[in-house]
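Engineer: Data file target_16.txt (compact mmCIF, C-alpha atoms) is appended below.
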```txt
# COMPACT_ATOMS: atom_id res chain seq x y z
CA MET A 7 1.24 21.10 11.51
CA LEU A 8 -1.40 20.28 14.07
CA GLU A 9 -0.34 21.06 17.56
CA THR A 10 -1.75 20.40 20.96
CA ASN A 11 -0.69 20.93 24.52
CA GLN A 12 -2.86 18.18 25.93
CA ASN A 13 0.16 15.87 26.27
CA LEU A 14 2.18 18.33 28.34
CA PRO A 15 0.86 17.19 31.74
CA GLN A 16 1.79 13.67 30.67
CA LEU A 17 5.27 14.88 29.79
CA TYR A 18 5.60 16.36 33.27
CA ARG A 19 4.35 13.11 34.86
CA PHE A 20 6.91 11.21 32.80
CA CYS A 21 9.66 13.47 34.13
CA TYR A 22 8.33 13.01 37.65
CA LEU A 23 8.36 9.22 37.37
CA MET A 24 11.84 9.31 35.89
CA THR A 25 13.32 11.53 38.59
CA GLY A 26 11.09 10.87 41.61
CA ASP A 27 11.49 14.49 42.57
CA ALA A 28 9.15 17.38 41.71
CA MET A 29 11.96 19.94 41.42
CA LYS A 30 14.10 17.76 39.17
CA ALA A 31 11.06 16.82 37.08
CA GLN A 32 10.18 20.47 36.65
CA GLU A 33 13.74 21.27 35.64
CA ALA A 34 13.83 18.59 32.95
CA PHE A 35 10.30 19.41 31.80
CA GLN A 36 11.03 23.13 31.43
CA ALA A 37 14.34 22.50 29.67
CA THR A 38 12.57 20.30 27.13
CA LEU A 39 9.89 22.90 26.51
CA ARG A 40 12.51 25.64 26.15
CA GLU A 41 14.36 23.54 23.58
CA ALA A 42 11.11 22.90 21.70
CA ALA A 43 10.24 26.61 21.74
CA LEU A 44 13.71 27.44 20.47
CA ARG A 45 13.40 24.95 17.63
CA SER A 46 9.96 26.29 16.75
CA ALA A 47 11.36 29.82 16.66
CA GLN A 48 14.06 28.61 14.29
CA ARG A 49 11.36 27.05 12.11
CA GLU A 50 12.52 23.57 12.93
CA PRO A 51 9.75 22.46 15.28
CA PRO A 52 9.87 19.01 16.89
CA LYS A 53 8.45 16.58 14.37
CA ASP A 54 6.28 14.61 16.78
CA ARG A 55 5.37 14.21 20.44
CA LEU A 56 7.87 11.38 20.84
CA TRP A 57 10.61 13.98 20.41
CA PHE A 58 9.47 15.65 23.67
CA PHE A 59 9.53 12.43 25.62
CA ARG A 60 12.86 11.39 24.12
CA ASP A 61 14.40 14.75 24.96
CA ALA A 62 12.89 14.77 28.45
CA ARG A 63 14.13 11.22 29.05
CA SER A 64 17.74 12.15 28.31
CA ARG A 65 17.46 15.25 30.50
CA CYS A 66 15.93 13.22 33.32
CA LEU A 67 18.78 10.74 33.10
CA VAL A 68 21.30 13.58 33.40
CA VAL A 69 19.37 15.24 36.25
CA GLY A 70 18.93 11.89 37.95
CA GLU A 71 22.66 11.33 38.09
CA GLU A 72 23.03 14.32 40.39
CA GLY A 73 22.72 13.85 44.14
CA LEU A 74 22.15 10.61 45.99
CA GLN A 75 22.05 7.46 43.92
CA PRO A 76 20.05 4.34 44.76
CA GLU A 77 22.04 1.33 45.85
CA ALA A 78 22.30 -1.47 43.32
CA ILE A 79 20.69 -4.36 45.13
CA LYS A 80 18.88 -7.44 44.00
CA LEU A 81 15.21 -6.91 44.67
CA GLU A 82 12.77 -9.57 45.76
CA GLU A 83 10.29 -10.69 43.15
CA SER A 84 6.75 -11.93 43.53
CA ASP A 85 3.92 -13.02 41.24
CA VAL A 86 1.41 -10.30 40.43
CA SER A 87 -1.38 -10.62 42.95
CA PRO A 88 -5.12 -10.24 42.35
CA HIS A 89 -5.04 -7.93 45.41
CA ALA A 90 -2.57 -5.57 43.76
CA PRO A 91 -5.19 -2.87 42.91
CA GLY A 92 -6.10 -2.64 46.60
CA GLN A 93 -2.44 -2.46 47.58
CA VAL A 94 -1.73 0.22 44.95
CA ALA A 95 -4.71 2.23 46.19
CA GLN A 96 -2.92 2.64 49.52
CA LEU A 97 0.01 4.38 47.84
CA ASN A 98 0.41 7.98 46.89
CA PRO A 99 1.93 9.03 43.54
CA GLU A 100 5.13 10.18 45.20
CA GLN A 101 5.87 6.69 46.54
CA LEU A 102 5.36 5.21 43.11
CA ALA A 103 7.61 7.85 41.48
CA ILE A 104 10.37 7.22 44.00
CA TRP A 105 10.18 3.49 43.39
CA VAL A 106 10.22 3.88 39.59
CA SER A 107 13.03 6.45 39.62
CA ALA A 108 15.20 4.08 41.66
CA ALA A 109 14.94 1.36 39.02
CA PRO A 110 17.95 0.81 36.75
CA GLU A 111 17.90 1.83 33.12
CA PRO A 112 16.21 0.88 30.81
CA GLN A 113 13.65 -0.51 33.26
CA ARG A 114 13.06 2.95 34.74
CA SER A 115 12.26 4.56 31.37
CA ALA A 116 10.19 1.54 30.34
CA LEU A 117 8.05 1.68 33.50
CA ALA A 118 7.67 5.47 33.34
CA ALA A 119 6.66 5.48 29.67
CA TYR A 120 4.43 2.40 29.90
CA TYR A 121 2.42 3.47 32.93
CA LEU A 122 1.69 6.88 31.43
CA ASP A 123 -0.73 4.88 29.28
CA GLU A 124 0.03 7.34 26.53
CA PHE A 125 1.76 5.33 23.82
CA THR A 126 0.98 2.47 21.49
CA PRO A 127 3.33 -0.53 21.77
CA HIS A 128 5.10 0.56 18.60
CA GLU A 129 5.62 4.08 19.95
CA LEU A 130 6.95 2.64 23.19
CA LEU A 131 9.54 0.58 21.35
CA THR A 132 10.54 3.59 19.26
CA LEU A 133 10.76 5.93 22.23
CA LEU A 134 12.77 3.55 24.38
CA ASP A 135 14.79 2.14 21.51
CA LEU A 136 14.26 -1.38 22.84
CA SER A 137 13.39 -4.66 21.19
CA PRO A 138 10.01 -6.25 22.08
CA SER A 139 11.71 -8.91 24.21
CA GLU A 140 13.79 -6.30 26.10
CA LEU A 141 10.72 -4.21 26.82
CA ALA A 142 8.69 -7.27 27.84
CA LYS A 143 11.46 -8.41 30.15
CA ALA A 144 11.90 -4.97 31.75
CA LEU A 145 8.18 -4.60 32.42
CA ALA A 146 7.62 -8.15 33.62
CA ARG A 147 10.51 -7.90 36.08
CA GLY A 148 9.31 -4.43 37.15
CA ARG A 149 5.84 -5.78 37.93
CA ARG A 150 7.19 -8.69 39.95
CA GLN A 151 9.58 -6.47 41.89
CA PHE A 152 6.92 -3.86 42.53
CA GLN A 153 4.52 -6.56 43.70
CA ALA A 154 7.16 -7.83 46.12
CA TRP A 155 7.66 -4.29 47.39
CA LEU A 156 3.88 -3.84 47.72
CA ASN A 157 3.68 -7.07 49.70
CA ALA A 158 6.36 -5.76 52.00
CA THR A 159 4.96 -2.26 52.47
CA THR A 160 1.18 -2.65 52.44
CA PRO A 161 -0.62 -4.71 55.11
CA ALA A 162 -1.24 -8.20 53.73
CA ASP A 163 -3.97 -9.16 56.23
CA VAL A 164 -6.40 -6.75 54.53
CA TYR A 165 -6.59 -9.13 51.57
CA GLU A 166 -6.77 -12.42 53.42
CA GLU A 167 -10.20 -13.92 53.36
CA MET B 29 -4.86 -27.07 17.84
CA SER B 30 -7.02 -24.35 19.33
CA ILE B 31 -6.99 -20.99 17.59
CA PHE B 32 -6.62 -19.47 21.05
CA ARG B 33 -3.40 -21.31 21.81
CA ILE B 34 -0.90 -18.59 22.56
CA SER B 35 2.61 -18.69 21.17
CA ARG B 36 5.70 -17.64 23.13
CA ARG B 37 6.05 -14.53 21.02
CA GLU B 38 2.44 -13.56 21.66
CA GLU B 39 2.92 -14.16 25.36
CA LEU B 40 5.89 -11.82 25.20
CA LEU B 41 3.81 -9.17 23.42
CA THR B 42 1.10 -9.30 26.08
CA ARG B 43 3.66 -8.20 28.69
CA PHE B 44 3.52 -4.71 27.21
CA ALA B 45 -0.10 -4.81 26.05
CA PRO B 46 -1.70 -1.35 26.09
CA ILE B 47 -3.33 -0.62 29.44
CA THR B 48 -6.30 0.99 27.73
CA GLU B 49 -7.32 0.40 24.13
CA LYS B 50 -5.51 2.60 21.68
CA PRO B 51 -6.40 3.15 18.02
CA GLY B 52 -2.84 2.69 16.75
CA THR B 53 -2.33 -0.78 18.26
CA ASP B 54 -1.20 -3.19 15.57
CA ARG B 55 -2.88 -6.40 14.58
CA ARG B 56 -0.31 -8.77 16.11
CA MET B 57 -0.73 -7.14 19.49
CA ARG B 58 -4.53 -7.28 19.26
CA ALA B 59 -4.34 -10.99 18.33
CA ALA B 60 -1.94 -11.66 21.21
CA ILE B 61 -4.30 -9.95 23.68
CA LEU B 62 -7.28 -11.89 22.37
CA ARG B 63 -5.41 -15.20 22.67
CA ALA B 64 -4.11 -14.34 26.14
CA ARG B 65 -7.67 -13.65 27.30
CA ARG B 66 -8.90 -16.98 25.92
CA SER B 67 -5.87 -19.13 26.76
CA ARG B 68 -6.29 -21.50 29.70
CA SER B 69 -2.66 -21.22 30.68
CA VAL B 70 -2.19 -17.45 30.73
CA ALA B 71 -5.70 -15.94 31.01
CA THR B 72 -5.59 -15.65 34.80
CA ALA B 73 -2.09 -14.21 34.99
CA PHE B 74 -2.95 -11.83 32.17
CA SER B 75 -6.08 -10.58 33.90
CA TYR B 76 -4.05 -9.99 37.10
CA GLN B 77 -1.47 -8.14 35.03
CA GLN B 78 -4.14 -5.95 33.47
CA THR B 79 -5.75 -4.99 36.77
CA PHE B 80 -2.29 -4.37 38.23
CA ASP B 81 -1.36 -2.14 35.27
CA LYS B 82 -4.65 -0.24 35.43
CA ALA B 83 -4.20 0.44 39.12
CA ILE B 84 -0.71 1.83 38.56
CA ALA B 85 -1.79 3.87 35.52
CA ASN B 86 -4.55 5.41 37.68
CA LEU B 87 -1.96 6.29 40.30
CA VAL B 88 0.23 7.87 37.61
CA ARG B 89 -2.76 9.89 36.38
CA ALA B 90 -3.12 11.16 39.94
CA ILE B 91 0.36 12.72 39.88
CA PRO B 92 -0.40 16.36 40.64
CA VAL B 93 0.72 19.00 38.21
CA SER B 94 1.72 22.11 40.11
CA ASN B 95 0.40 25.55 39.20
CA GLU B 96 3.88 26.62 38.18
CA VAL B 97 4.16 23.74 35.72
CA ALA B 98 0.58 24.22 34.53
CA GLU B 99 1.47 27.82 33.63
CA TRP B 100 3.92 26.46 31.08
CA PHE B 101 1.34 24.77 29.00
CA ARG B 102 -1.53 27.17 29.45
CA ASN B 103 -0.57 29.08 26.30
CA GLU B 104 1.93 26.74 24.75
CA LYS B 105 1.01 24.63 21.77
CA LEU B 106 4.17 22.76 21.19
CA ILE B 107 3.49 19.08 20.99
CA PRO B 108 2.43 18.06 17.52
CA ARG B 109 -0.54 15.74 17.43
CA SER B 110 0.45 12.58 15.66
CA LYS B 111 -0.83 12.77 12.12
CA ARG B 112 -1.99 9.83 10.13
CA THR B 113 0.77 9.33 7.58
CA TRP B 114 -0.02 8.63 3.93
CA LYS B 115 1.73 5.26 4.27
CA LYS B 116 -0.56 4.30 7.12
CA THR B 117 -3.57 5.54 5.15
CA ALA B 118 -2.49 3.58 2.10
CA LYS B 119 -2.21 0.37 4.16
CA ASN B 120 -5.81 0.68 5.32
CA PRO B 121 -7.73 -2.29 3.81
CA ALA B 122 -10.64 -0.03 2.82
CA VAL B 123 -8.31 2.35 1.00
CA LEU B 124 -6.47 -0.60 -0.57
CA SER B 125 -9.64 -2.18 -1.90
CA ALA B 126 -10.92 1.18 -3.20
CA ALA B 127 -7.58 1.77 -4.92
CA LEU B 128 -7.67 -1.72 -6.40
CA ALA B 129 -11.22 -1.19 -7.68
CA LEU B 130 -10.20 2.16 -9.21
CA ALA B 131 -7.18 0.53 -10.83
CA VAL B 132 -9.38 -2.18 -12.36
CA ILE B 133 -11.87 0.43 -13.62
CA ALA B 134 -9.01 2.53 -15.01
CA GLY B 135 -7.60 -0.58 -16.71
CA VAL B 136 -10.95 -1.42 -18.31
CA VAL B 137 -11.45 2.20 -19.43
CA LEU B 138 -7.90 2.29 -20.83
CA PHE B 139 -8.50 -0.98 -22.66
CA ILE B 140 -11.75 0.35 -24.18
CA VAL B 141 -10.08 3.65 -25.14
CA MET B 142 -7.13 1.82 -26.71
CA GLU B 143 -9.52 -0.39 -28.63
CA ARG B 144 -11.46 2.64 -29.82
CA VAL B 145 -8.26 4.37 -30.87
CA SER B 146 -7.19 1.37 -32.93
CA GLU B 147 -10.70 0.96 -34.38
CA PHE B 148 -11.46 2.26 -37.85
CA PRO B 149 -14.41 1.95 -40.25
CA GLY B 150 -14.42 -1.58 -41.60
CA ALA B 151 -12.33 -3.07 -38.79
CA GLY B 152 -15.08 -5.60 -38.08
CA THR B 153 -15.16 -6.81 -41.69
CA ALA B 154 -11.35 -6.90 -41.74
CA ARG B 155 -11.38 -9.23 -38.73
CA LYS B 156 -13.89 -11.49 -40.47
CA MET B 157 -11.53 -11.61 -43.45
CA LEU B 158 -8.68 -12.64 -41.16
CA THR B 159 -10.83 -15.51 -39.89
CA ILE B 160 -11.44 -16.50 -43.51
CA ALA B 161 -7.69 -16.25 -44.21
CA SER B 162 -6.95 -18.60 -41.31
CA THR B 163 -9.43 -21.23 -42.60
CA THR B 164 -8.97 -20.93 -46.35
CA ASP B 165 -7.74 -24.05 -48.07
CA ARG B 166 -5.46 -23.56 -51.07
CA THR B 167 -7.83 -25.62 -53.24
CA GLN B 168 -10.64 -23.15 -52.66
CA LEU B 169 -8.79 -20.59 -54.79
CA ASP B 170 -8.28 -20.56 -58.57
CA VAL B 171 -4.68 -20.68 -59.72
CA VAL B 172 -3.68 -17.27 -61.08
CA GLU B 173 0.00 -16.56 -61.49
CA ALA B 174 0.48 -12.89 -62.26
CA GLU B 175 1.63 -9.59 -60.80
CA ALA B 176 -0.70 -8.60 -57.98
CA GLY B 177 -1.10 -5.11 -59.46
CA SER B 178 -2.60 -6.53 -62.63
CA LEU B 179 -5.47 -8.26 -60.86
CA GLY B 180 -7.43 -5.00 -60.58
CA ASP B 181 -8.19 -5.16 -64.30
CA PHE B 182 -8.93 -8.87 -64.01
CA PHE B 183 -11.52 -8.26 -61.29
CA PHE B 184 -13.06 -5.43 -63.27
CA MET B 185 -13.21 -7.38 -66.51
CA LYS B 186 -14.41 -10.65 -65.08
CA TYR B 187 -16.53 -9.60 -62.09
CA ARG B 188 -17.30 -5.91 -62.76
CA LEU B 189 -15.59 -4.98 -59.54
CA GLU B 190 -14.52 -1.36 -59.79
CA HIS B 191 -11.48 -0.06 -57.86
CA TYR B 192 -10.59 -3.54 -56.56
CA ASP B 193 -6.92 -2.67 -56.96
CA VAL B 194 -4.03 -4.10 -54.96
CA ALA B 195 -2.22 -1.32 -53.07
CA PRO B 196 0.88 -0.04 -54.96
CA GLU B 197 3.08 -1.18 -52.03
CA PHE B 198 2.19 -4.79 -52.84
CA ALA B 199 1.46 -4.46 -56.56
CA GLY B 200 4.76 -6.03 -57.68
CA LEU B 201 4.34 -9.30 -55.77
CA ARG B 202 3.60 -12.52 -57.66
CA THR B 203 0.22 -14.08 -56.99
CA THR B 204 -0.43 -17.81 -56.83
CA ALA B 205 -4.22 -17.93 -56.68
CA CYS B 206 -7.32 -15.83 -56.17
CA ARG B 207 -11.07 -15.96 -55.91
CA VAL B 208 -14.10 -13.71 -55.60
CA PHE B 209 -16.88 -14.61 -53.20
CA ASP B 210 -19.80 -13.06 -51.35
CA ASP B 211 -19.40 -12.65 -47.61
CA ASP B 212 -22.20 -13.30 -45.10
CA GLU B 213 -23.61 -9.82 -45.78
CA GLY B 214 -23.60 -10.29 -49.52
CA ARG B 215 -20.64 -8.03 -50.23
CA ARG B 216 -18.24 -9.00 -52.99
CA VAL B 217 -14.83 -9.90 -51.63
CA ALA B 218 -11.70 -10.59 -53.64
CA GLN B 219 -9.11 -12.85 -52.02
CA ILE B 220 -5.60 -13.18 -53.42
CA SER B 221 -2.83 -15.47 -52.33
CA VAL B 222 0.83 -14.50 -52.84
CA ARG B 223 4.10 -16.37 -52.38
CA GLU B 224 5.83 -13.62 -50.39
CA LYS B 225 5.49 -14.42 -46.67
CA ARG B 226 2.49 -16.58 -47.68
CA MET B 227 0.42 -13.42 -47.51
CA GLN B 228 -3.19 -13.09 -48.47
CA PHE B 229 -4.77 -9.93 -49.85
CA PHE B 230 -8.40 -9.05 -49.44
CA LEU B 231 -10.38 -6.40 -51.28
CA PHE B 232 -13.83 -5.58 -49.99
CA PRO B 233 -16.24 -2.63 -50.00
CA ALA B 234 -15.56 0.02 -47.37
CA GLU B 235 -18.11 0.58 -44.64
CA ARG B 236 -20.75 3.10 -45.63
CA ASP B 237 -22.12 6.03 -43.71
CA VAL B 238 -25.84 5.24 -43.27
CA LYS B 239 -26.91 8.90 -43.32
CA GLU B 240 -24.87 10.15 -46.23
CA ALA B 241 -24.60 6.83 -48.05
CA ARG B 242 -20.91 7.49 -48.69
CA PRO B 243 -17.99 5.17 -47.95
CA ARG B 244 -16.37 5.97 -44.61
CA GLU B 245 -12.71 6.51 -45.28
CA PHE B 246 -9.61 6.83 -43.10
CA SER B 247 -6.08 7.82 -43.81
CA GLY B 248 -2.98 5.62 -43.91
CA TRP B 249 -2.63 2.01 -42.88
CA ARG B 250 -4.44 0.52 -39.90
CA PHE B 251 -3.81 -2.80 -38.25
CA VAL B 252 -6.15 -5.51 -37.04
CA GLU B 253 -5.41 -8.81 -35.35
CA GLN B 254 -7.53 -11.94 -35.23
CA GLU B 255 -6.85 -15.61 -34.57
CA GLY B 256 -3.08 -15.33 -34.93
CA TRP B 257 -3.30 -13.31 -38.13
CA THR B 258 -2.55 -9.62 -38.64
CA GLY B 259 -3.91 -7.43 -41.36
CA ALA B 260 -2.78 -4.02 -42.62
CA VAL B 261 -5.76 -2.17 -44.05
CA ARG B 262 -6.11 0.97 -46.14
CA VAL B 263 -9.06 2.41 -48.05
CA ARG B 264 -9.19 3.98 -51.54
CA ASP B 265 -12.20 4.88 -53.67
CA GLY B 266 -14.61 3.08 -51.39
CA VAL B 267 -12.70 -0.21 -51.41
CA CYS B 268 -10.63 -1.57 -48.55
CA PHE B 269 -7.40 -3.40 -49.30
CA MET B 270 -5.98 -5.67 -46.62
CA ALA B 271 -2.64 -7.48 -46.62
CA ALA B 272 -2.93 -10.35 -44.15
CA VAL B 273 -0.10 -12.39 -42.72
CA ARG B 274 0.12 -15.08 -40.08
CA GLY B 275 1.78 -13.53 -37.04
CA GLU B 276 1.73 -10.35 -35.01
CA GLN B 277 1.58 -6.68 -35.90
CA LYS B 278 5.24 -6.20 -34.98
CA GLU B 279 6.17 -8.61 -37.77
CA LEU B 280 4.01 -6.98 -40.43
CA GLU B 281 4.71 -3.36 -39.48
CA PRO B 282 8.40 -3.20 -40.55
CA TYR B 283 7.65 -5.13 -43.73
CA LEU B 284 4.90 -2.66 -44.59
CA ALA B 285 7.10 0.34 -43.78
CA GLU B 286 9.73 -1.03 -46.16
CA ALA B 287 7.13 -1.63 -48.86
CA VAL B 288 5.74 1.89 -48.43
CA GLN B 289 9.25 3.33 -48.79
CA ARG B 290 9.90 1.27 -51.89
CA ALA B 291 6.59 2.33 -53.42
CA ALA B 292 7.31 5.99 -52.65
CA ALA B 293 10.72 5.70 -54.31
CA GLY B 294 9.15 3.97 -57.30
CA ALA B 295 11.38 0.91 -56.93
CA PRO B 296 10.11 -2.43 -58.26
CA GLU B 297 8.72 -4.97 -55.81
CA ARG B 298 10.68 -8.10 -54.98
```
Please express the file's structure as structure tokens.

Structural biologist:
Amino acid sequence: MLETNQNLPQLYRFCYLMTGDAMKAQEAFQATLREAALRSAQREPPKDRLWFFRDARSRCLVVGEEGLQPEAIKLEESDVSPHAPGQVAQLNPEQLAIWVSAAPEPQRSALAAYYLDEFTPHELLTLLDLSPSELAKALARGRRQFQAWLNATTPADVYEE
Amino acid sequence: MSIFRISRREELLTRFAPITEKPGTDRRMRAAILRARRSRSVATAFSYQQTFDKAIANLVRAIPVSNEVAEWFRNEKLIPRSKRTWKKTAKNPAVLSAALALAVIAGVVLFIVMERVSEFPGAGTARKMLTIASTTDRTQLDVVEAEAGSLGDFFFMKYRLEHYDVAPEFAGLRTTACRVFDDDEGRRVAQISVREKRMQFFLFPAERDVKEARPREFSGWRFVEQEGWTGAVRVRDGVCFMAAVRGEQKELEPYLAEAVQRAAAGAPER
């Protein structure tokens, strides 16, 4: 079987987006790799890369349940703005990860997997075990909510002409 | 209706359109993206969505990977690279068309081989005789009511045709008429009509080997089909005998097998 480790940084980033915390991400990431190594040693290696992300996702969900939990509130929504790239450029990855990790399931997993820009649509649906309409809804709402949050946190006057 | 009019389902698909182009993206998604880009109603929103998604994907790519984590995958080779499955390969249009072409070629080759296998020396002449059988009018033949097996002497005495004997399997059948004529290549052909199954018998010279000038023989009975008629042919002493019947091989074959058995047992014909 062909193997590569080029996806491993992506796996770590996925864990980071899912947990919003470097320590928790590392914990889930390492546990997944240990499990994969164990399976390989038992001559039952993971059959594809999706296995890693699926395993990491479940571990992140468990890890994420520890400690403080985000409050369930109804977020503002706003249309995606043409100025969004400029607003996003003002953020650092940690802010994004915290925002994503606070999202409810399955939106959190959908956003984390989608923005890795790693999977084909079919792989995304398989990994997340969602229907196309569920995935579309989760992402569309995520975009609108994130845009509303961007509007609230990044200075709007920069984009006014 | 414009070909770029986007359906609700396509609009839904574009919400999780790949941020960068990926080789495994399916056709429906590609069509949805194309329509979204050209559609008046959603093109703007879609372009905003794409720039928004790209900006976030860039931010995700900027997530730092610590040295401690990097250590884990320095020597590890654990994630299998997705392999192209045979199903996916088989669905490729190029592979499909190549397979189809090969299947057609194989079919043609098989057909030619099967034809060659069923071919035998004199098969061409036998087919011509079947055409004659299908067009022969009863009045073209002279009335001769006798046992088919006795016509060999008749042909020899009257036409000097040596070895023009009806096969023993059919020798006991009663004839109704017969004639002797020259075919288009000048060969003498004897045609006999019998009551049984309204069969017709043909006796004609076997094909000759050009080099050795000897009749080309074959063993047992061989079948030919032409214009709704089937003939069972065998060769003896340089003369082909053919029993022809209207219908298919599957109808003549059991009848012949029965006749062969009867002849082997020495039983009289019906």

Engineer: So which residues touch range 188-195 of chain B within 10 Å, counting only C-alpha atoms, skipping near sequence neighbours fewer than 3 positions away, as a ChimeraX atom specification?

Structural biologist: /B:175-185,198-201,208,216-218,220,229-233,261-271,288,291

Engineer: Would you compute, for all listed atoms of range 41-56 of chain A, the axis-aligned bounding box grown by 6 Å on each side, and then report its centre and edge lengths in Å rounded to one decimal, as AutoDock Vina command-line options?

Structural biologist:
```
--center_x 9.9 --center_y 20.6 --center_z 17.8 --size_x 21.0 --size_y 30.4 --size_z 23.5
```

Engineer: Determine, counting only C-alpha atoms, every residue of protein, DNA or RNA that lies within 12 Å of (-2.1, 5.6, 43.7) in the file coordinates, then give the result as a count of residues only.

Structural biologist: 29

Engineer: Which residue gives the smallest distance to chain B among A:Glu129, A:Glu111, A:Asp135, A:Glu71, with all atoms listed in the file counted?

Structural biologist: A:Glu129

Engineer: Sorted by chain and rising residue number, which residues of chain A lie within 8 Å of chain B, and what are their closest atom pairs and distances in Å to one decimal, counting only C-alpha atoms, as a Markdown table?

Structural biologist:
```
| residue | atom | partner | partner_atom | distance |
| --- | --- | --- | --- | --- |
| A:Met7 | CA | B:Pro108 | CA | 6.8 |
| A:Leu8 | CA | B:Pro108 | CA | 5.6 |
| A:Glu9 | CA | B:Pro108 | CA | 4.1 |
| A:Thr10 | CA | B:Lys105 | CA | 5.1 |
| A:Asn11 | CA | B:Lys105 | CA | 4.9 |
| A:Asn13 | CA | B:Ile107 | CA | 7.0 |
| A:Leu14 | CA | B:Phe101 | CA | 6.5 |
| A:Pro15 | CA | B:Val93 | CA | 6.7 |
| A:Tyr18 | CA | B:Val93 | CA | 7.4 |
| A:Arg19 | CA | B:Ile91 | CA | 6.4 |
| A:Gln32 | CA | B:Val97 | CA | 6.9 |
| A:Gln36 | CA | B:Trp100 | CA | 7.9 |
| A:Leu39 | CA | B:Leu106 | CA | 7.8 |
| A:Ala42 | CA | B:Leu106 | CA | 7.0 |
| A:Ala43 | CA | B:Leu106 | CA | 7.2 |
| A:Pro52 | CA | B:Pro108 | CA | 7.5 |
| A:Lys53 | CA | B:Pro108 | CA | 7.0 |
| A:Asp54 | CA | B:Pro108 | CA | 5.2 |
| A:Arg55 | CA | B:Ile107 | CA | 5.2 |
| A:Phe58 | CA | B:Ile107 | CA | 7.4 |
| A:Val86 | CA | B:Tyr76 | CA | 6.4 |
| A:Ser87 | CA | B:Tyr76 | CA | 6.5 |
| A:Pro88 | CA | B:Tyr76 | CA | 5.4 |
| A:Ala90 | CA | B:Phe80 | CA | 5.7 |
| A:Pro91 | CA | B:Ala83 | CA | 5.1 |
| A:Val94 | CA | B:Ala83 | CA | 6.3 |
| A:Ala95 | CA | B:Ala83 | CA | 7.3 |
| A:Asn98 | CA | B:Leu87 | CA | 7.2 |
| A:Pro99 | CA | B:Ile91 | CA | 5.4 |
| A:Glu100 | CA | B:Ile91 | CA | 7.6 |
| A:Leu102 | CA | B:Leu87 | CA | 7.9 |
| A:Tyr120 | CA | B:Phe44 | CA | 7.7 |
| A:Tyr121 | CA | B:Ala85 | CA | 5.0 |
| A:Leu122 | CA | B:Ala85 | CA | 6.2 |
| A:Asp123 | CA | B:Ile47 | CA | 6.1 |
| A:Phe125 | CA | B:Pro46 | CA | 7.9 |
| A:Thr126 | CA | B:Thr53 | CA | 5.7 |
| A:Pro127 | CA | B:Thr53 | CA | 6.7 |
| A:His128 | CA | B:Thr53 | CA | 7.6 |
| A:Pro138 | CA | B:Leu41 | CA | 7.0 |
| A:Ser139 | CA | B:Leu40 | CA | 6.6 |
| A:Leu141 | CA | B:Phe44 | CA | 7.2 |
| A:Ala142 | CA | B:Arg43 | CA | 5.2 |
| A:Lys143 | CA | B:Arg43 | CA | 7.9 |
| A:Leu145 | CA | B:Arg43 | CA | 6.9 |
| A:Ala146 | CA | B:Arg43 | CA | 6.3 |
```

Engineer: Skip Glu235 in chain B itself and residues of its chain fewer than 6 positions away, then list as a VMD selection string all residues within 6 Å of it, counting only C-alpha atoms.

Structural biologist: chain B and resid 149 to 150 243 to 244

Engineer: Extract, using only C-alpha atoms, all DNA, RNA and protein residues at most 8 Å from range 138-146 of chain B, discarding same-chain residues fewer than 2 positions from it, and format them as a PyMOL selection string.

Structural biologist: chain B and resi 134-136+148+250-251

Engineer: Please measure the separation of CA of Trp257 in chain B and CA of Gln277 in chain B, giving the value in Å to one decimal.

Structural biologist: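 About the pair CA of Trp257 in chain B and CA of Gln277 in chain B: they are 8.5 Å apart.
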
Engineer: Point out the residue among B:Ala205, B:Leu124, B:Ile34, B:Val238 with the least atom-to-atom distance to Ala59 in chain B, counting all atoms listed in the file.

Structural biologist: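 Comparing B:Ala205, B:Leu124, B:Ile34, B:Val238 against Ala59 in chain B, the winner is B:Ile34.
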
Engineer: To one decimal place in Å, what is the distance between CA of Gly148 in chain A and CA of Arg55 in chain B?

Structural biologist: 25.7 Å

Engineer: CA of Glu33 in chain A to CA of Arg45 in chain A: how many Å, to one decimal?

Structural biologist: 18.4 Å

Engineer: Do you know which residues are at most 7 Å from Cys206 in chain B counting all atoms listed in the file, after dropping those on the same chain fewer than 5 positions away, and could you put them as number ranges by chain?

Structural biologist: B: 169-172, 219-221

Engineer: Go through A:Arg40, A:Arg49, A:Arg60, A:His89 one by one, measure the shortest atom-to-atom distance of each to Pro161 in chain A using all atoms listed in the file, and give the residue with the smallest value.

Structural biologist: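 Ranking A:Arg40, A:Arg49, A:Arg60, A:His89 by distance to Pro161 in chain A, first place goes to A:His89.
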
Engineer: Name the residues in contact with Arg147 in chain A at a cut-off of 9 Å, using all atoms listed in the file, excluding same-chain residues fewer than 5 positions from it; report them as a list of chain:residue names.

Structural biologist: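 Near neighbours after the sequence-gap exclusion: A:Glu83, A:Gln113, A:Ala142, A:Phe152.
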